[in-house]
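*Asks:* query37.cif is reproduced below (mmCIF, C-alpha atoms).
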data_entry
loop_
_atom_site.label_atom_id
_atom_site.label_comp_id
_atom_site.auth_asym_id
_atom_site.auth_seq_id
_atom_site.Cartn_x
_atom_site.Cartn_y
_atom_site.Cartn_z
CA ILE A 1 168.57 85.35 40.82
CA ALA A 2 168.97 87.63 43.82
CA GLY A 3 166.28 90.17 42.92
CA ILE A 4 167.11 93.28 44.91
CA THR A 5 170.00 93.56 47.32
CA GLN A 6 170.57 96.36 49.80
CA ALA A 7 173.65 97.22 51.81
CA PRO A 8 174.32 97.61 54.61
CA THR A 9 171.73 95.54 56.48
CA SER A 10 171.94 97.94 59.39
CA GLN A 11 174.01 100.93 60.39
CA ILE A 12 174.45 103.22 63.36
CA LEU A 13 175.58 106.66 62.32
CA ALA A 14 176.59 109.81 64.13
CA ALA A 15 174.59 112.92 63.31
CA GLY A 16 176.26 115.06 60.68
CA ARG A 17 177.95 112.16 58.92
CA ARG A 18 177.45 111.34 55.27
CA MET A 19 176.00 107.95 54.41
CA THR A 20 175.17 106.12 51.19
CA LEU A 21 172.72 103.25 51.15
CA ARG A 22 173.27 100.91 48.26
CA CYS A 23 170.64 99.17 46.16
CA THR A 24 171.20 96.82 43.24
CA GLN A 25 168.68 94.87 41.20
CA ASP A 26 169.32 92.13 38.66
CA MET A 27 165.87 92.02 37.05
CA ARG A 28 166.64 94.70 34.43
CA HIS A 29 163.73 96.73 35.74
CA ASN A 30 163.49 100.26 34.40
CA ALA A 31 162.02 101.89 37.51
CA MET A 32 163.50 102.02 41.01
CA TYR A 33 162.35 103.59 44.25
CA TRP A 34 163.47 104.44 47.76
CA TYR A 35 161.02 104.37 50.66
CA ARG A 36 161.35 104.93 54.36
CA GLN A 37 159.20 103.05 56.83
CA ASP A 38 158.35 104.58 60.18
CA LEU A 39 156.05 103.15 62.81
CA GLY A 40 152.43 104.11 62.18
CA LEU A 41 153.21 105.88 58.92
CA GLY A 42 153.54 103.01 56.51
CA LEU A 43 155.97 103.48 53.64
CA ARG A 44 156.70 106.90 52.24
CA LEU A 45 158.41 107.50 48.93
CA ILE A 46 161.67 109.44 49.11
CA HIS A 47 162.91 109.43 45.50
CA TYR A 48 162.24 107.43 42.39
CA SER A 49 163.73 106.83 38.96
CA ASN A 50 161.64 105.78 35.98
CA THR A 51 164.69 104.93 33.88
CA ALA A 52 168.46 105.16 34.01
CA GLY A 53 169.60 108.77 33.91
CA THR A 54 166.42 110.23 35.37
CA THR A 55 165.26 110.76 38.94
CA GLY A 56 162.31 112.37 40.66
CA LYS A 57 161.25 113.52 44.11
CA GLY A 58 158.75 111.60 46.16
CA GLU A 59 156.78 112.56 49.23
CA VAL A 60 159.70 113.11 51.64
CA PRO A 61 162.83 114.00 49.60
CA ASP A 62 164.45 116.59 51.88
CA GLY A 63 167.85 115.57 53.20
CA TYR A 64 168.27 112.81 50.62
CA SER A 65 169.75 112.58 47.14
CA VAL A 66 169.86 109.81 44.56
CA SER A 67 171.55 109.02 41.28
CA ARG A 68 170.82 106.49 38.55
CA ALA A 69 173.94 106.06 36.44
CA ASN A 70 172.85 102.65 35.14
CA THR A 71 169.86 100.33 35.17
CA ASP A 72 170.95 98.16 38.07
CA ASP A 73 172.07 100.58 40.78
CA PHE A 74 170.17 103.24 42.68
CA PRO A 75 172.13 104.59 45.68
CA LEU A 76 170.55 106.84 48.28
CA THR A 77 172.76 109.43 49.99
CA LEU A 78 172.23 111.28 53.23
CA ALA A 79 174.59 114.24 52.96
CA SER A 80 174.47 115.15 56.65
CA ALA A 81 172.44 112.70 58.69
CA VAL A 82 170.01 113.88 61.38
CA PRO A 83 168.24 111.82 64.07
CA SER A 84 164.87 112.20 62.30
CA GLN A 85 166.31 110.11 59.48
CA THR A 86 166.39 107.10 61.79
CA SER A 87 164.21 104.63 59.94
CA VAL A 88 164.08 101.46 57.90
CA TYR A 89 164.85 102.13 54.26
CA PHE A 90 163.50 99.98 51.47
CA CYS A 91 164.58 99.97 47.87
CA ALA A 92 162.13 98.68 45.27
CA SER A 93 161.99 98.17 41.54
CA SER A 94 159.34 97.62 38.89
CA GLU A 95 159.43 96.79 35.23
CA SER A 96 158.31 100.31 34.43
CA GLY A 97 156.73 103.07 36.47
CA GLY A 98 153.12 103.63 37.34
CA GLU A 99 151.00 100.55 37.49
CA ASP A 100 153.60 97.81 37.57
CA THR A 101 154.12 95.75 40.69
CA GLN A 102 157.00 96.92 42.83
CA TYR A 103 159.33 94.33 44.32
CA PHE A 104 161.22 95.21 47.45
CA GLY A 105 164.68 94.64 48.83
CA PRO A 106 165.25 93.37 52.37
CA GLY A 107 165.68 96.84 53.85
CA THR A 108 168.38 98.78 55.70
CA ARG A 109 167.85 99.72 59.33
CA LEU A 110 169.52 103.07 59.95
CA THR A 111 169.95 104.69 63.34
CA VAL A 112 171.25 108.25 63.54
CA LEU A 113 172.46 109.30 66.99
CA ALA B 1 144.51 113.29 45.70
CA GLN B 2 145.43 109.68 46.30
CA LYS B 3 144.80 108.26 49.73
CA VAL B 4 144.66 104.79 51.23
CA THR B 5 143.06 104.20 54.60
CA GLN B 6 143.50 101.08 56.68
CA ALA B 7 141.40 101.90 59.69
CA GLN B 8 142.28 98.74 61.60
CA THR B 9 145.62 99.39 63.24
CA GLU B 10 145.81 95.99 64.94
CA ILE B 11 143.74 92.82 64.81
CA SER B 12 144.17 89.75 66.98
CA VAL B 13 142.30 86.50 66.36
CA VAL B 14 142.60 82.90 67.39
CA GLU B 15 144.00 80.44 64.90
CA LYS B 16 141.47 79.01 62.42
CA GLU B 17 139.23 82.06 62.64
CA ASP B 18 138.47 84.01 59.47
CA VAL B 19 139.65 87.61 59.43
CA THR B 20 139.05 90.53 57.08
CA LEU B 21 141.41 93.44 56.66
CA ASP B 22 139.76 96.59 55.39
CA CYS B 23 141.16 98.98 52.81
CA VAL B 24 139.44 102.12 51.55
CA TYR B 25 141.00 104.26 48.87
CA GLU B 26 140.49 107.68 47.29
CA THR B 27 141.39 108.59 43.74
CA ARG B 28 140.12 110.89 41.03
CA ASP B 29 141.47 108.73 38.26
CA THR B 30 139.34 106.15 36.44
CA THR B 31 142.37 103.96 35.79
CA TYR B 32 144.26 102.82 38.83
CA TYR B 33 145.78 99.76 40.43
CA LEU B 34 145.42 98.31 43.90
CA PHE B 35 147.89 96.13 45.73
CA TRP B 36 148.31 94.17 48.93
CA TYR B 37 151.69 93.46 50.49
CA LYS B 38 152.60 91.35 53.51
CA GLN B 39 155.40 92.22 55.92
CA PRO B 40 156.17 89.28 58.22
CA PRO B 41 158.20 89.72 61.42
CA SER B 42 161.39 89.13 59.42
CA GLY B 43 160.79 92.53 57.82
CA GLU B 44 160.72 91.92 54.09
CA LEU B 45 157.81 93.12 51.97
CA VAL B 46 156.07 90.38 50.04
CA PHE B 47 153.79 91.14 47.11
CA LEU B 48 150.40 89.42 47.35
CA ILE B 49 148.11 90.79 44.66
CA ARG B 50 147.64 93.51 42.04
CA ARG B 51 144.23 94.44 40.71
CA ASN B 52 143.31 97.02 38.07
CA SER B 53 140.28 99.28 38.36
CA PHE B 54 138.45 97.62 35.47
CA ASP B 55 138.42 94.18 37.01
CA GLU B 56 135.95 93.92 39.87
CA GLN B 57 135.91 90.17 40.04
CA ASN B 58 136.79 88.80 43.41
CA GLU B 59 140.02 86.84 43.58
CA ILE B 60 140.77 83.74 45.59
CA SER B 61 144.19 82.25 46.16
CA GLY B 62 144.14 79.38 48.60
CA ARG B 63 143.05 80.75 51.97
CA TYR B 64 143.36 84.34 50.73
CA SER B 65 140.57 86.23 48.98
CA TRP B 66 140.09 89.80 47.92
CA ASN B 67 136.84 91.73 47.52
CA PHE B 68 137.09 94.78 45.24
CA GLN B 69 134.06 97.09 45.32
CA LYS B 70 134.33 100.28 43.27
CA SER B 71 130.98 101.52 44.61
CA THR B 72 132.46 101.80 48.10
CA SER B 73 136.09 102.36 47.02
CA SER B 74 137.17 99.34 49.00
CA PHE B 75 139.59 96.49 48.41
CA ASN B 76 139.27 94.20 51.40
CA PHE B 77 141.40 91.17 52.12
CA THR B 78 140.09 88.06 53.87
CA ILE B 79 142.12 85.22 55.31
CA THR B 80 140.10 82.06 55.84
CA ALA B 81 141.08 79.59 58.56
CA SER B 82 143.92 81.78 59.74
CA GLN B 83 147.26 80.30 60.78
CA VAL B 84 150.03 81.56 63.02
CA VAL B 85 152.22 82.06 59.94
CA ASP B 86 149.74 84.68 58.74
CA SER B 87 150.88 86.97 61.55
CA ALA B 88 152.31 90.03 59.84
CA VAL B 89 151.67 93.63 58.96
CA TYR B 90 149.58 93.92 55.82
CA PHE B 91 149.68 96.97 53.57
CA CYS B 92 147.14 98.05 51.01
CA ALA B 93 148.42 100.35 48.26
CA LEU B 94 147.16 102.37 45.29
CA SER B 95 148.84 103.59 42.14
CA GLU B 96 147.64 105.92 39.41
CA PRO B 97 149.67 105.15 36.30
CA HIS B 98 149.20 108.57 34.79
CA SER B 99 150.22 110.55 37.84
CA SER B 100 153.40 112.57 37.46
CA ALA B 101 155.21 110.94 40.34
CA SER B 102 154.80 107.39 39.12
CA LYS B 103 154.37 106.04 42.59
CA ILE B 104 152.45 103.75 44.86
CA ILE B 105 150.72 105.22 47.91
CA PHE B 106 150.66 102.88 50.87
CA GLY B 107 148.20 102.70 53.71
CA SER B 108 149.58 102.76 57.23
CA GLY B 109 149.18 99.00 57.57
CA THR B 110 147.23 96.57 59.74
CA ARG B 111 149.14 94.43 62.21
CA LEU B 112 147.56 90.98 62.30
CA SER B 113 148.32 88.63 65.17
CA ILE B 114 147.14 85.05 65.05
CA ARG B 115 147.11 83.38 68.47
CA PRO B 116 147.56 79.61 68.67
#
I need this file expressed as structure tokens, please.
*Replies:*
Amino acid sequence: IAGITQAPTSQILAAGRRMTLRCTQDMRHNAMYWYRQDLGLGLRLIHYSNTAGTTGKGEVPDGYSVSRANTDDFPLTLASAVPSQTSVYFCASSESGGEDTQYFGPGTRLTVL
Amino acid sequence: AQKVTQAQTEISVVEKEDVTLDCVYETRDTTYYLFWYKQPPSGELVFLIRRNSFDEQNEISGRYSWNFQKSTSSFNFTITASQVVDSAVYFCALSEPHSSASKIIFGSGTRLSIRP
């Protein structure tokens, strides 16, 4: 069982380019999340999905979009990347939303130049 | 509003010393959950513990122990006889299951360095 996989592992991107970070889980969890981690700021929630077909905005959603077409996949798209989106991005999932433990993928290190 | 404060940005101790990482939280809800996660130098986030607001019993798991005190809104984490492999960033987190955003709020983390 892989748990949560993220791709790519790392990416360098020119400003203005479109980029999709992929996240797949094989635990049949209902809820999935995207966080960004920046030095000194901990993890901040970008978007979440409590179940397939629904999504919601987190703390820092601007510049990002998500979709949840099925249970397993939760891609994060940067429509037009900017340098301030340089960060480490973590995908997570939990059995359901709210109080359940979230399990994290290995992360994607994104650099926008 | 939810808030998690980890006032200790960095801690450095010598191997075999005991060390306590502080976590103070704010919430208006009576039902909530607290978590600790470990992020070793390799970068992944490892779940350590989940505790609900109705269970104030302290928890011990090997060299790790957690002290939950509702009276002071604290959920501190102690490592006994620390080892170099304990070097990591540790995050405390809080969730309110009935909040609209269905999320966990993380503290900013404490970087723990264990010197041999």
*Asks:* Please list as a ChimeraX atom specification every residue within 12 Å of B:Gln2, counting only C-alpha atoms and excluding residues in the same chain fewer than 2 positions away.
*Replies:* /B:4-5,24-29,32-34,73,93-97,99,101,103-107
*Asks:* Which residues are close to A:Pro83, i.e. within 9 Å by only C-alpha atoms, leaving aside same-chain residues fewer than 2 positions away? Reply as an MDAnalysis selection string.
*Replies:* chainID A and resid 14:15 81 85:86 111:113
*Asks:* Would you translate the PyMOL selection byres ((chain A and resi 5) around 7) into the concrete set of residues it matches in this file, as a list in words?
*Replies:*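 The output of the PyMOL selection byres ((chain A and resi 5) around 7) on this file is Ala2, Gly3, Ile4, Gln6, Ala7, Cys23, Thr24, Gln25, Gly105 and Pro106 of chain A.
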*Asks:* Care to translate the PyMOL selection byres ((chain B and resi 68) around 9) into actual residues of this file, as a PDB file with C-alpha atoms, keeping the file's coordinate frame?
*Replies:*
ATOM      1  CA  ARG B  51     144.230  94.440  40.710  1.00  0.00           C
ATOM      2  CA  SER B  53     140.280  99.280  38.360  1.00  0.00           C
ATOM      3  CA  ASP B  55     138.420  94.180  37.010  1.00  0.00           C
ATOM      4  CA  GLU B  56     135.950  93.920  39.870  1.00  0.00           C
ATOM      5  CA  GLN B  57     135.910  90.170  40.040  1.00  0.00           C
ATOM      6  CA  ASN B  58     136.790  88.800  43.410  1.00  0.00           C
ATOM      7  CA  GLU B  59     140.020  86.840  43.580  1.00  0.00           C
ATOM      8  CA  TRP B  66     140.090  89.800  47.920  1.00  0.00           C
ATOM      9  CA  ASN B  67     136.840  91.730  47.520  1.00  0.00           C
ATOM     10  CA  GLN B  69     134.060  97.090  45.320  1.00  0.00           C
ATOM     11  CA  LYS B  70     134.330 100.280  43.270  1.00  0.00           C
ATOM     12  CA  THR B  72     132.460 101.800  48.100  1.00  0.00           C
ATOM     13  CA  SER B  73     136.090 102.360  47.020  1.00  0.00           C
ATOM     14  CA  SER B  74     137.170  99.340  49.000  1.00  0.00           C
ATOM     15  CA  PHE B  75     139.590  96.490  48.410  1.00  0.00           C
ATOM     16  CA  ASN B  76     139.270  94.200  51.400  1.00  0.00           C
ATOM     17  CA  PHE B  77     141.400  91.170  52.120  1.00  0.00           C
TER      18      PHE B  77
END
*Asks:* Which residues of chain A are close to chain B, meaning at most 10 Å apart when you count only C-alpha atoms, and how do they look as a ChimeraX atom specification?
*Replies:* /A:31,33,37-45,47-50,56-59,88,90,92,96-107
*Asks:* One decimal, Å: what's the distance from atom CA of A:Trp34 over to atom CA of A:Arg18, could you say?
*Replies:*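 Atom-to-atom, atom CA of A:Trp34 to atom CA of A:Arg18, that is 17.3 Å.
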*Asks:* What does the distance between atom CA of A:Arg68 and atom CA of A:Gln11 come to in Å, to one decimal place?
*Replies:* 22.8 Å
*Asks:* For the file shown, what are the residues hit by the PyMOL selection byres ((chain B and resi 80) around 12), laid out as a ChimeraX atom specification?
*Replies:* /B:13-21,60-66,77-79,81-83,86,114
*Asks:* Find the distance between atom CA of B:Lys3 and atom CA of A:Ile46 and write it in Å to one decimal.
*Replies:*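 Computed distance, atom CA of B:Lys3 to atom CA of A:Ile46, equals 16.9 Å.
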*Asks:* Closest to B:Leu112 among B:Val85, B:Phe54, B:Ser12, B:Thr30, using all atoms listed in the file?
*Replies:* B:Ser12
*Asks:* Extract, using only C-alpha atoms, all DNA, RNA and protein residues at most 7 Å from B:Ala88, discarding same-chain residues fewer than 3 positions from it, and format them as a list in words.
*Replies:* Lys38, Gln39, Pro40, Pro41, Arg111, Leu112 and Ser113 of chain B
*Asks:* Where's the centre, and what are the edge lengths in Å to one decimal, of a box along x, y and z enclosing all listed atoms of stretch 74-82 of chain A padded 3 Å per side, as lines of an AutoDock Vina configuration file?
*Replies:*
center_x = 172.3
center_y = 109.2
center_z = 52.0
size_x = 10.6
size_y = 17.9
size_z = 24.7
*Asks:* Of the candidates A:Ser94, A:Ser10, A:Asp72, A:Pro61, which shows the shortest atom-to-atom distance to A:Arg36, using only C-alpha atoms?
*Replies:* A:Pro61
*Asks:* Within 9 Å of A:Ser65, counting all atoms listed in the file, which residues qualify if same-chain residues fewer than 6 places away don't, as a ChimeraX atom specification?
*Replies:* /A:46-47,75-79
*Asks:* Go ahead and dump the residues you just picked, C-alpha atoms, as a compact mmCIF listing (two decimals), in the frame of the given file.
*Replies:*
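Written file, out-v4.txt:
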# COMPACT_ATOMS: atom_id res chain seq x y z
CA ILE A 46 161.67 109.44 49.11
CA HIS A 47 162.91 109.43 45.50
CA PRO A 75 172.13 104.59 45.68
CA LEU A 76 170.55 106.84 48.28
CA THR A 77 172.76 109.43 49.99
CA LEU A 78 172.23 111.28 53.23
CA ALA A 79 174.59 114.24 52.96
*Asks:* Of the residues A:Ser87, A:Gly63, A:Thr108, A:Ser93, which is the one nearest to A:Thr51, using only C-alpha atoms?
*Replies:*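 Ranked by minimum distance to A:Thr51, first place goes to A:Ser93.
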